[in-house]
Each structure stands twice: as structure tokens, then as C-alpha cells.
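> Okay, here's the structure, questions in a sec.
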Amino acid sequence: MKNLLTILCCFFLLNLSAQDWKTFTNHKNVLDIEKEGNTLWIATSGGLLNWNLQTETYYKLTTEDGLISNHINEIAIDADGKKWLATSLGVSVIDGANITSYNSDNGLHRNDVVSVVVDSEGNKWFATKSKFGHSGLSKLDNQGNWSTIPESIYFAATCLAVDSSDNIYIGRNAQIVKYTSDENWIEFSPPSSTSNLGNVTNILVGENQNLWAISVGGLYHIGVDGNRTRFNASSGFENYPKSLFQDGNGTLWVGTHDGITRVNSDTTFTNFTLPEPVNAIFESDENIWLGTHDDVSLFDGTTTVGKLVTEVDLGGNAVAGLDIANDGSVWMGTENAISKFSQNQGWENLGINEGIHCNQISKILARSNDEIIALDPLHCMGVSFIDVATGNVNTISNDTFGYILSLNEDAEGNLWLGNYSPPYSDNIYASKVSPDGSIIQFDFTDVLPNTSNNKTTGIAIHPNGDVYFSTRWGIYYVDTNDELHLFNSERAFTIFIDSQENIWIAEGEYFIGGHVLEKFTPSGDHITYPELNFDWPNDQYMIYEIIEDAQQNIWVASENGLYKLSPDEEVTRYSTLDGLADNFITGIEFDANGEMWISTMNGVSTTASVTVATSNLENKTIQLQLYPNPTSTTATLNFDLAKSENVQVEIYNVAGQLLLTPFYEKKPTGNHQLEFDVADFSQGVYFCKVKIGEQSEVLKFVKM
């Protein structure tokens with residue numbers, strides 16, 4: 001609930017740091033796989049998984065553990081065993097117990113790193129891009145020096161490959177270019193070609209420096225002379241390829257939107273249909289691991305024969321709506337489902353199969369009557385009403401309320417809706433729905449003519465009961481007598497009114513967004529904050545929400561991180577370097593304990609202590625507890641055995657290296673508290689792998 005009564009709860013928060021954030025992500029969407037011994041390193045859009053194939057256990061690394069971003073596009077492992085991660089916000093390197101990160105402040109040309117390769121001399125190459133499509137090829141040599149290849153900076157790189165002679169191949173829109181080891185450029189497919197490659201998404205270097213490449217248009221074979229052969233649906237090849245891999249026998253495999261395709265020696269194709277797209281392919285022994293949108297599947301050359309199943313978690317990483325119900329449950333709108341999290345029950349995801357009108361949700365409102373309202377104005381023509389206690393769903397179409405862009409609830413339980421009225425329709429820009437079901441609608445052209453095609457993107461409740469609306473043609477308000485007024489003609493995307501009756505807005509409009517933070521005081525002052533001016537010619541970051549805590553700090557959710565403005569207007573910024581799930585912040589809420597919940601485009605972060613973090617063995621008959629966590633000297637593992645079992649405990653660092661085996665013995669029936677010493681460990685994140693009988697589980701802990 002976004003009204004002022006909810007926001008001004010008992011709350012105390014000072015000097016947030018990395019260890020204060022708990023991060024939730026969805027790690028189902030697999031983007032790359034690499035194998036190291038018995039370990040699979042799995043890059044996902046929600047963090048890095050380390051999966052032990054022998055014990056069939058895994059752990060996850062996120063920004064909470066020191067990664068620069070949860071969205072990991074690609075992995076490369078160098079000769080020293082370091083894991084180089086290309087992420088959406090820079091590069092993270094795992095070296096033993098340490099995680100080191102780099103971004104444009106350290107030498108990268110851009111922060112969004114789409115691909116990484118390591119050449120034979122140990123140089124690391126990174127393909128980067130900007131939000132405007134420009135990019136650069138950055139190099140970190142084996143002496144630790146950064147450089148950017150200048151010829152590449154105005155082209156949008158999409159992928160990298162390296163051949164045996166250390167030539168670097170760069171995929172771009174409509175072409176592949178080669179940067180040779182003697183620093184020359186060769187274009188394989190100039191943009192003026194009548195049959196260009198399209199947006200190249202993957203390159204594989206074959207024998208004699210011939211190339212295979214994929215794009216939305218199909219599969220291409222490219223000879224050293226630049227001649228191309230294209231294969232698409234007319235050739236028997238499934239369109240929309242997504243990944244390339246060549247196995248130990250030289251057979252080429254292509255992951256597609258519909259499954260996986262084998263390229264036969266005579267360049268015919270055998271297509272295997274799977275229920276989801278294949279984003280990544282990797283060979284292990286005689287089988288092939290397929291990274292999909294829903295975990296990792298084992299493929300035997302004909303069909304999938306197994307799956308690495310992970311626990312239920314956040315439904316999707318792009319979280320655009322968040323609110324907290326009266327029972328303390330947190331409701332989040334994602335691109336895949338509505339996710340509900342509670343301390344007692346953990347995660348539950350609701351989608352179309354559960355009666356929700358649309359899997360993609362961007363607006364969530366928890367009402368005082370224990371009802372959740374969920375909608376997405378861009379993708380779904382309807383609104384879902386969910387009973388918090390029973391989970392029952394009632395869905396209505398847009399015919400009732402039109403296109404809803406914003407919503408809020410006042411202290412009287414009235415539901416306020418901000419609408420968009422397309423041209424040539426009735427000018428209904430706001431609606432008030434009373435608890436008795438009666439509806440009052442408001443036409444903003446009544447007070448400011450010639451402002452049709454308006455969009456109401458934000459609603460704020462004034463302490464005196466007035467309701468304010470931010471729109472593309474100005475700020476309006478409805479008083480307690482339901483009379484409509486114009487506050488001013490300032491275009492506003494986001495609006496909030498604090499306890500001192502200051503009106504905060506993000507100046508801007510729908511589709512363009514709010515890029516500048518402004519404040520209107522009760523005395524008539526109009527203040528702009530230069531630290532939160534993201535308008536052109538700056539980086540054009542958007543501001544999505546403004547909220548206040550009980551100490552009268554103002555919190556601002558932006559695409560450039562989380563900002564806190566103290567009562568004396570000191571500005572503090574928090575980012576993934578502090579442990580947040582992402583810098584693209586879409587919403588902020590405080591729970592009944594005053595703990596902060598933050599939705600981002602790459603997961604959810606919270607300052608709350610999450611009790612469901614206690615791990616269970618897979619049949620949930622044995623409860624494991626590890627405490628204290630964090631610890632500086634010793635840690636204790638607590639569990640009960642219903643019968644005598646062999647117990648093995650191993651301690652690993654973030655690189656998957658075994659550091660300690662404090663216990664490996666048979667334990668009798670009853671309660672056990674096993675203490676082990678970590679005083680000599682360096683500060684960082686570690687993993688306690690517990691095997692009891694034939695079952696195993698991994699618990700994460702922090703050494704201070």
C-alpha cells in the first residue's frame with residue numbers, strides 16, 4: 001500500500017552496505033554453460049550457478065556475494081582456472097575465494113558486456129555495447145593492462161569468437177568482422193550486402209578458419225574468402241537459432257527457439273523439438289547439456305533424459321511492480337508471473353494457469369481489504385483481483401475501467417485509477433471506486449482544454465485527503481469534495497507527497513519517462529536536484545518511484561541505482577556494488593517492520609531477515625541450521641537424525657575449491673551440533689556442503 005499511513009511505519013535504517021542486502025533472483029533462464037572437472041558453471045539472467053555433478057548439489061552467486069551484476073551473458077575460464085563473467089554491468093572474475101569486478105571506471109569501454117573470450121596468450125577480450133547501440137572491443141592483456149580497439153567503438157557488437165591464430169571475430173548487426181593478430185580488420189559481410197547476415201548472435205570457428213554463424217535469418221557457413229551459404233526453413237533448418245556448439249566428434253549442433261538441430265555431414269538437418277528454446281549447449285562425457293529458459297536439461301542425441309532441477313524462486317527477474325499485504329507477504333509482478341514471498345511459506349508463483357489474466361505484470365497494489373490488484377497496461381487487456389487469504393482470483397477486462405496506467409488507495413479505502421484515453425475516445429483520465437462499488441470518473445480537459453490523448457502515470461495521496469495525478473499535460477488534483485483542479489502545467493511521470501506536504505515529481509511523460517527530480521514546497525518553492533538530473537545530454541535514466549521513510553529520508557528508484565535524500569538533502573547512492581540486485585530500480589516499499597523491499601529489472605533486494613533461508617535436504621525430513629551467519633571464528637551445524645547415518649561436511653570457496661572437511665563419520669540417532677573453525681579464512685562467501693546418507697545440500701555462509 002502506497003498511502004502515507006503505511007509508509008510512516010516504525011523504521012530505522014542507517015548506512016546500508018553490501019552485507020545488509022538480501023537478493024532474490026530467478027536463475028532458470030540459462031545463457032551459457034562451462035564445465036570444470038565435475039563442476040558445471042551455469043550463467044543465468046539471475047546469477048551464477050555452481051553445480052556439482054557428483055553430489056548433485058548446487059549453490060548460487062549473485063550481487064549479494066560480490067558479483068557486479070546478476071545478468072551473466074557468458075563465461076570464459078582461463079588457463080589458471082579463473083572464471084571471467086561477461087555481465088550486463090561489467091566483468092566479474094572469480095579467483096579462489098575472491099571476486100573482483102571491472103566496469104568502465106576501470107578500463108572497459110562500456111559496462112554492458114555481451115561476450116568474453118580468452119586467447120592463447122591469456123589476453124581477455126570483451127564485446128561491449130551501449131543503450132544506443134554503440135559498442136567497443138575491450139582487451140585486458142596478460143599483464144593486467146586495459147585497452148579499447150578504436151575501430152570498433154561505433155558498431156554494435158553481439159558476440160565474440162577466437163581462432164587458433166588468436167584472430168578475434170566480432171558479430172555485429174549485418175556483418176562479421178575479424179580483428180587479426182597483427183591488428184588489421186577484415187569485413188566478412190559489409191552492411192551493403194543484398195543478403196546480409198542480420199543481427200549475428202553466435203559465431204563458431206571451424207576447420208581451416210571457416211565460420212559458422214547464426215542470426216534471426218538462419219544458419220550461415222562463411223568461407224575464408226567471405227562467401228556465404230545460408231540455411232533456413234526452405235533448407236530444412238528451423239528458423240530462429242539461438243546457440244551453436246560443435247561436439248567432440250565434429251558434429252555441429254544448433255539450439256533453436258523450438259529445440260535443437262543436428263547438422264549432418266552432408267549439410268542436411270535433423271530437428272528435435274523441445275518444449276522450450278535452447279539458449280546454450282555444452283558437451284559432458286557422451287551427453288549434451290542444454291541451457292534453456294527453465295534450467296538445464298540433459299540431451300542424449302535424441303531426446304532429453306534428465307534435468308538439473310533447482311528450487312522454486314522469484315518467477316522472473318524483470319520485476320516492475322511490488323507491494324506488501326497486511327499479512328506481511330510480498331507480492332511482485334514479473335515478466336513471467338506474479339511472485340508471492342512469505343517468511344513462513346517461501347515462494348509461490350501465480351500465472352495464467354492459476355487464473356491470472358496475464359503472465360507479464362507491471363503494477364501491483366496491496367489494498368487494505370486484503371486484496372491484491374495486478375495489471376499490465378501495455379501487454380494485457382485486463383485486471384486481476386487476488387484474495388490474499390484464499391488465493392482466489394477474479395479477472396475483469398479493460399471494458400470496465402479502460403487502460404489503467406496507475407493506481408493507489410486512500411485512507412478511506414477508495415481505489416483511485418489513473419487512465420489513458422486513446423484519441424477519439426471518451427476523455428476519462430482518472431476514476432474513483434468507492435468501497436460500496438460506486439464509480440466517479442474525471443475528465444482533465446474540463447479544467448485544461450485541448451489536452452486530449454492524456455496519460456495519468458502516477459497517483460499520490462495528500463495528507464489532507466486530496467488526490468494528485470501526474471500526467472503528460474500537467475499535475476491535477478481532486479479535493480475531498482470530488483472537485484477536479486489543475487495544480488500546474490508541469491509534465492510529470494512520477495509523483496509523491498511526503499509528510500511535510502512537499503510534492504515530489506519526476507519531470508517527464510509516458511513513453512519518454514521522468515528524468516529530473518523536482519520538489520514543490522507548500523510555500524511555493526520549486527527545487528530541482530542536479531544529482532538526479534538524468535535528462536539529455538546526460539544518460540537519460542528514468543525515475544520510477546519516490547517514497548519516504550519514518551526518518552523523513554526520501555528514497556528514489558531510478559535506472560541508475562537507489563538514491564537517498566536525507567532531511568538535510570545529503571544524497572547517497574546505492575548500486576550493485578553495495579549488493580543490490582540491479583541498478584535499474586523500479587519500486588520501493590517498506591514492510592510492517594520497517595524493512596525495505598526493492599524491485600529491479602534483475603531481481604528483488606531486501607533488508608529484511610529471511611527465516612526461510614534455512615535449507616532442507618531434498619526429502620525435507622532433516623532440517624539443517626548453520627549459525628552464526630555471518631561468523632568470524634567458528635560456525636555450528638545443527639541437525640537431528642531419526643536414524644544413524646554417515647555424515648560428511650565439506651567447506652568450499654566461491655570458486656568451488658575444497659578447503660576443509662571438518663567431519664566425515666557416522667553419527668547416531670538424535671540431535672547433533674558440529675562446530676568447525678573458520679578463523680583463518682579470509683573474508684568472503686563460503687559454502688558448507690552437507691551429505692547425510694545418500695542426500696546432500698549446500699548452505700552458504702559469510703566469513704567476516
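Numbering starts fresh at 1 for the residues of each chain in the C-alpha cells, the chains themselves are lettered A, B, ... in the order given, and ligands are numbered from 1 as they appear.
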Tell me which protein, DNA and RNA residues are within 7 Å of Gly418 of chain A, counting only C-alpha atoms, leaving out same-chain ones fewer than 5 positions away, and put them as a PDB file with C-alpha atoms, in the first residue's frame.


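Now in result.pdb:
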ATOM      1  CA  ILE A 404      -5.162   1.629 -16.309  1.00  0.00           C
ATOM      2  CA  LEU A 405      -1.656   3.102 -16.037  1.00  0.00           C
ATOM      3  CA  SER A 406      -1.520   3.801 -12.287  1.00  0.00           C
ATOM      4  CA  LEU A 407      -3.427   3.000  -9.114  1.00  0.00           C
ATOM      5  CA  TYR A 429      -8.208  10.084 -17.183  1.00  0.00           C
ATOM      6  CA  ALA A 430      -8.959   9.124 -13.570  1.00  0.00           C
ATOM      7  CA  SER A 431     -11.547   7.068 -11.711  1.00  0.00           C
ATOM      8  CA  THR A 456      -2.183   9.531 -15.969  1.00  0.00           C
ATOM      9  CA  THR A 457       1.051   7.830 -14.920  1.00  0.00           C
ATOM     10  CA  GLY A 458       1.113   8.483 -11.166  1.00  0.00           C
ATOM     11  CA  ILE A 459      -1.237   8.976  -8.206  1.00  0.00           C
TER      12      ILE A 459
END

> Compile the contact shell of Tyr102 of chain A as number ranges by chain: residues with an atom at most 6 Å away, counting only C-alpha atoms, same-chain residues fewer than 4 positions apart removed.

A: 90-91, 106

> Which of segment 329-480 of chain A counts as alpha helix (DSSP H) under DSSP, as a PyMOL selection string please?

chain A and resi 398-401

> Using N, CA and C atoms, can you write the selected residues to a file as a PDB file, in the first residue's frame?


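What ended up in out-v4.pdb:
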ATOM      1  N   ASN A 398     -10.635  -4.847 -19.675  1.00  0.00           N
ATOM      2  CA  ASN A 398     -10.456  -3.400 -19.702  1.00  0.00           C
ATOM      3  C   ASN A 398     -11.740  -2.652 -20.032  1.00  0.00           C
ATOM      4  N   ASP A 399     -12.779  -3.383 -20.425  1.00  0.00           N
ATOM      5  CA  ASP A 399     -14.035  -2.711 -20.759  1.00  0.00           C
ATOM      6  C   ASP A 399     -14.606  -1.974 -19.555  1.00  0.00           C
ATOM      7  N   THR A 400     -14.281  -2.443 -18.351  1.00  0.00           N
ATOM      8  CA  THR A 400     -14.837  -1.831 -17.141  1.00  0.00           C
ATOM      9  C   THR A 400     -14.138  -0.527 -16.788  1.00  0.00           C
ATOM     10  N   PHE A 401     -12.804  -0.529 -16.775  1.00  0.00           N
ATOM     11  CA  PHE A 401     -12.055   0.644 -16.323  1.00  0.00           C
ATOM     12  C   PHE A 401     -11.180   1.266 -17.408  1.00  0.00           C
TER      13      PHE A 401
END

> Considering only C-alpha atoms, state which residue in the set A:Asn111, A:Ser164, A:Gln54, A:Ser489 is at the smallest distance from Glu694 of chain A.

A:Gln54

> For segment 80-140 of chain A against segment 559-580 of chain A, with a cut-off of 12 Å and counting only C-alpha atoms, what is the closest atom pair and its distance in Å to one decimal for every residue that makes the cut, ordered by chain and number, as JSON lines?


{"residue": "A:Thr87", "atom": "CA", "partner": "A:Thr576", "partner_atom": "CA", "distance": 11.9}
{"residue": "A:Ser88", "atom": "CA", "partner": "A:Thr576", "partner_atom": "CA", "distance": 11.2}
{"residue": "A:Leu89", "atom": "CA", "partner": "A:Thr576", "partner_atom": "CA", "distance": 8.8}
{"residue": "A:Gly90", "atom": "CA", "partner": "A:Thr576", "partner_atom": "CA", "distance": 10.7}
{"residue": "A:Ser92", "atom": "CA", "partner": "A:Leu577", "partner_atom": "CA", "distance": 11.2}
{"residue": "A:Ile99", "atom": "CA", "partner": "A:Leu577", "partner_atom": "CA", "distance": 11.7}
{"residue": "A:Thr100", "atom": "CA", "partner": "A:Leu577", "partner_atom": "CA", "distance": 10.8}
{"residue": "A:Ser101", "atom": "CA", "partner": "A:Leu577", "partner_atom": "CA", "distance": 9.1}
{"residue": "A:Tyr102", "atom": "CA", "partner": "A:Leu577", "partner_atom": "CA", "distance": 10.7}
{"residue": "A:Asn103", "atom": "CA", "partner": "A:Leu577", "partner_atom": "CA", "distance": 10.8}

> Please produce an output containing N, CA and C atoms for each residue in the selection, written as a PDB file, in the first residue's frame.


ATOM      1  N   THR A  87      28.868  -9.614 -17.945  1.00  0.00           N
ATOM      2  CA  THR A  87      27.566  -9.308 -17.357  1.00  0.00           C
ATOM      3  C   THR A  87      27.009  -8.001 -17.934  1.00  0.00           C
ATOM      4  N   SER A  88      25.789  -7.699 -17.546  1.00  0.00           N
ATOM      5  CA  SER A  88      25.117  -6.502 -18.050  1.00  0.00           C
ATOM      6  C   SER A  88      25.671  -5.218 -17.466  1.00  0.00           C
ATOM      7  N   LEU A  89      26.508  -5.316 -16.412  1.00  0.00           N
ATOM      8  CA  LEU A  89      27.037  -4.109 -15.772  1.00  0.00           C
ATOM      9  C   LEU A  89      28.557  -4.109 -15.649  1.00  0.00           C
ATOM     10  N   GLY A  90      29.218  -5.023 -16.329  1.00  0.00           N
ATOM     11  CA  GLY A  90      30.666  -5.086 -16.249  1.00  0.00           C
ATOM     12  C   GLY A  90      31.158  -6.515 -16.258  1.00  0.00           C
ATOM     13  N   SER A  92      32.959  -9.628 -13.911  1.00  0.00           N
ATOM     14  CA  SER A  92      33.357 -10.163 -12.610  1.00  0.00           C
ATOM     15  C   SER A  92      34.275 -11.357 -12.829  1.00  0.00           C
ATOM     16  N   ILE A  99      36.232 -12.410  -5.482  1.00  0.00           N
ATOM     17  CA  ILE A  99      35.516 -11.944  -6.662  1.00  0.00           C
ATOM     18  C   ILE A  99      35.948 -10.503  -6.915  1.00  0.00           C
ATOM     19  N   THR A 100      36.506 -10.242  -8.100  1.00  0.00           N
ATOM     20  CA  THR A 100      36.939  -8.911  -8.497  1.00  0.00           C
ATOM     21  C   THR A 100      36.096  -8.474  -9.685  1.00  0.00           C
ATOM     22  N   SER A 101      35.713  -7.210  -9.713  1.00  0.00           N
ATOM     23  CA  SER A 101      34.861  -6.730 -10.796  1.00  0.00           C
ATOM     24  C   SER A 101      35.485  -5.517 -11.474  1.00  0.00           C
ATOM     25  N   TYR A 102      35.144  -5.357 -12.758  1.00  0.00           N
ATOM     26  CA  TYR A 102      35.608  -4.239 -13.572  1.00  0.00           C
ATOM     27  C   TYR A 102      34.426  -3.636 -14.310  1.00  0.00           C
ATOM     28  N   ASN A 103      34.457  -2.302 -14.471  1.00  0.00           N
ATOM     29  CA  ASN A 103      33.480  -1.629 -15.320  1.00  0.00           C
ATOM     30  C   ASN A 103      34.187  -0.509 -16.075  1.00  0.00           C
TER      31      ASN A 103
END

> DSSP on the backbone: what in segment 343-433 of chain A comes out strand (DSSP E), as a PyMOL selection string?

chain A and resi 346-350+363-366+371-375+382-387+393-397+403-409+415-420+430-433

> Keeping only C-alpha atoms, take the residues you just selected and write them out as a short mmCIF file (atom, residue, chain, number, x, y, z; two decimals), in the first residue's frame.


data_model
loop_
_atom_site.label_atom_id
_atom_site.label_comp_id
_atom_site.auth_asym_id
_atom_site.auth_seq_id
_atom_site.Cartn_x
_atom_site.Cartn_y
_atom_site.Cartn_z
CA GLY A 346 8.60 -19.21 0.96
CA TRP A 347 7.86 -18.71 -2.73
CA GLU A 348 4.70 -19.17 -4.74
CA ASN A 349 4.26 -18.14 -8.37
CA LEU A 350 0.88 -17.38 -9.94
CA LYS A 363 1.58 -2.95 -11.50
CA ILE A 364 0.80 -4.41 -8.04
CA LEU A 365 -1.34 -2.81 -5.34
CA ALA A 366 -2.00 -4.39 -1.92
CA GLU A 371 -6.93 -7.88 -1.87
CA ILE A 372 -4.12 -7.72 -4.43
CA ILE A 373 -4.68 -5.88 -7.72
CA ALA A 374 -2.38 -6.85 -10.61
CA LEU A 375 -2.25 -5.46 -14.14
CA GLY A 382 -7.44 -6.89 -18.07
CA VAL A 383 -7.06 -6.62 -14.30
CA SER A 384 -6.69 -9.44 -11.74
CA PHE A 385 -8.01 -9.24 -8.17
CA ILE A 386 -6.47 -11.80 -5.80
CA ASP A 387 -7.75 -12.67 -2.34
CA VAL A 393 -8.54 -14.84 -8.49
CA ASN A 394 -11.17 -12.67 -10.14
CA THR A 395 -10.31 -11.16 -13.52
CA ILE A 396 -12.12 -8.36 -15.33
CA SER A 397 -11.46 -6.94 -18.80
CA TYR A 403 -6.48 1.35 -19.89
CA ILE A 404 -5.16 1.63 -16.31
CA LEU A 405 -1.66 3.10 -16.04
CA SER A 406 -1.52 3.80 -12.29
CA LEU A 407 -3.43 3.00 -9.11
CA ASN A 408 -3.47 3.87 -5.41
CA GLU A 409 -5.73 3.67 -2.35
CA LEU A 415 -9.47 2.95 -5.07
CA TRP A 416 -8.05 5.57 -7.45
CA LEU A 417 -7.19 4.63 -11.02
CA GLY A 418 -5.11 6.61 -13.50
CA ASN A 419 -6.17 6.01 -17.08
CA TYR A 420 -5.05 6.52 -20.64
CA ALA A 430 -8.96 9.12 -13.57
CA SER A 431 -11.55 7.07 -11.71
CA LYS A 432 -12.55 6.78 -8.07
CA VAL A 433 -14.03 3.45 -6.98
#

> A:Asn359, A:Leu85, A:Leu322, A:Asn227: which is nearest Thr606 of chain A, counting only C-alpha atoms?

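For Thr606 of chain A, the nearest of the candidates is A:Leu322.
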
> Which residues are close to Thr270 of chain A, i.e. within 7 Å by only C-alpha atoms, leaving aside same-chain residues fewer than 5 positions away? Reply as a short mmCIF file (atom, residue, chain, number, x, y, z; two decimals) with N, CA and C atoms, in the first residue's frame.


data_model
loop_
_atom_site.label_atom_id
_atom_site.label_comp_id
_atom_site.auth_asym_id
_atom_site.auth_seq_id
_atom_site.Cartn_x
_atom_site.Cartn_y
_atom_site.Cartn_z
N THR A 261 18.92 -28.69 -33.23
CA THR A 261 19.09 -29.20 -34.59
C THR A 261 20.49 -29.75 -34.74
N ARG A 262 20.60 -30.96 -35.34
CA ARG A 262 21.90 -31.55 -35.68
C ARG A 262 22.19 -31.27 -37.15
N VAL A 263 23.40 -30.74 -37.41
CA VAL A 263 23.83 -30.51 -38.78
C VAL A 263 24.60 -31.75 -39.23
#
